[in-house]
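Working notes, structure below.
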Amino acid sequence: MRNCFGYLLILISFQGLVACQQEPQTIMPAISVPFRSLSDQTQIQAGAALFWRHCRECHGSLSEGRNPRATRFNPPPPDFFEQKYSSVDPAYLFWRIKEGQRIEPFRSRGSVMPAWGPYLTEKEIWSLVAFLRQRAGFGAQ
């Protein structure tokens with residue numbers, strides 16, 4: 001009987017360790033994407049202005065005013081010149097900009113991305129999304 005109790009205790013401990021090592025789940029709410037505005041040049045230009053004002057210090061290139069401190073962040077801030085960002089779900093970009101580090105798995109991974117939802121309107125965030133997609137080459141295709 002003691003052996004059974006010992007095995008049971010080991011099994012429960014092992015399950016606890018496995019559960020602690022699992023990645024936090026990302027649960028993104030359903031977001032309706034205004035696709036027409038994502039290709040609107042006025043929206044893209046508004047997004048560019050917001051990017052230069054609020055985002056370039058971390059996400060811009062060195063020639064655009066990127067803060068050298070940003071290269072030490074872990075995880076590093078994305079470079080939105082990378083082609084892969086032209087195909088990222090716009091709803092995800094909107095959600096990520098709006099919520100920043102307040103959501104999992106980003107909070108537990110050490111993200112320093114601020115939540116812009118309290119400071120920008122939904123239209124402004126969509127403008128940023130439009131600009132980021134264009135910046136990554138979406139507009140050139």
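As shown in the structure tokens, the chain order sets the letters A, B, ...; within each chain, residues go from 1, and ligands are also counted from 1 in the order they appear.
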I need the residues of region 63-137 of chain A that end up classed as helix (DSSP H, G or I) by DSSP on the backbone, written out as a compact mmCIF listing (two decimals) with C-alpha atoms, in the first residue's frame.
```
# COMPACT_ATOMS: atom_id res chain seq x y z
CA SER A 63 18.24 55.88 -39.05
CA GLU A 64 14.63 56.60 -38.04
CA PRO A 68 19.71 51.88 -28.85
CA ARG A 69 18.19 50.70 -25.55
CA ALA A 70 15.47 48.91 -27.55
CA THR A 71 18.00 46.35 -28.82
CA ARG A 72 18.46 45.14 -25.24
CA GLN A 83 7.92 41.02 -45.00
CA LYS A 84 6.23 38.56 -42.62
CA TYR A 85 4.31 41.42 -40.99
CA SER A 86 2.45 42.11 -44.22
CA PRO A 90 -4.74 42.62 -38.90
CA ALA A 91 -7.04 41.73 -35.99
CA TYR A 92 -4.03 40.35 -34.13
CA LEU A 93 -2.00 43.53 -34.75
CA PHE A 94 -4.93 45.65 -33.54
CA TRP A 95 -5.35 43.53 -30.41
CA ARG A 96 -1.63 43.49 -29.67
CA ILE A 97 -1.32 47.28 -30.01
CA LYS A 98 -4.44 47.87 -27.94
CA GLU A 99 -3.53 45.51 -25.08
CA GLY A 100 0.29 45.59 -25.12
CA GLN A 101 1.96 43.76 -22.26
CA ARG A 102 -1.26 43.45 -20.24
CA GLU A 122 -9.92 52.39 -32.30
CA LYS A 123 -9.66 54.35 -35.55
CA GLU A 124 -6.12 55.46 -34.63
CA ILE A 125 -5.09 51.90 -33.81
CA TRP A 126 -6.50 50.70 -37.16
CA SER A 127 -4.49 53.49 -38.83
CA LEU A 128 -1.36 52.10 -37.19
CA VAL A 129 -2.25 48.62 -38.41
CA ALA A 130 -2.73 49.97 -41.95
CA PHE A 131 0.66 51.68 -41.82
CA LEU A 132 2.45 48.63 -40.39
CA ARG A 133 1.09 46.40 -43.15
CA GLN A 134 2.11 48.93 -45.79
CA ARG A 135 5.53 49.35 -44.17
```
**Prompt:** Could you name the residues that touch Glu57 (chain A) at 7 Å or less, counting only C-alpha atoms, but leaving out those on the same chain fewer than 6 positions away, as a ChimeraX atom specification?
**Reply:** /A:65-67
**Request:** Choose the residue, out of A:Ile103, A:Ser39, A:His59, A:Met28, that has the smallest atom-to-atom separation from Ala115 (chain A); count only C-alpha atoms.
**Result:** A:Ile103
**Message:** Taking only C-alpha atoms into account, name the residue in A:Ser32, A:Gln41, A:Trp116, A:Asp79 that is nearest to Arg56 (chain A).
**Reply:**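 Ranked by minimum distance to Arg56 (chain A), first place goes to A:Asp79.
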**Message:** Can you measure CA of Tyr119 (chain A) to CA of Cys55 (chain A) for me? One decimal in Å is fine.
**Reply:** 13.1 Å
**Prompt:** What does the distance between CA of Pro75 (chain A) and CA of Met113 (chain A) come to in Å, to one decimal place?
**Reply:**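 Separation between CA of Pro75 (chain A) and CA of Met113 (chain A): 10.0 Å.
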**Prompt:** Which polymer residues have any atom within 9 Å of an atom of Phe73 (chain A), counting only C-alpha atoms, with same-chain residues fewer than 5 positions away left out, as a list in words?
**Reply:**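 Residues near the query, excluding close chain neighbours: Gly110, Ser111 and Val112 of chain A.
Proximity of A:Ser37, A:Ala49, A:Leu120, A:Gly60 to Phe80 (chain A), computed with only C-alpha atoms, is greatest for A:Gly60.
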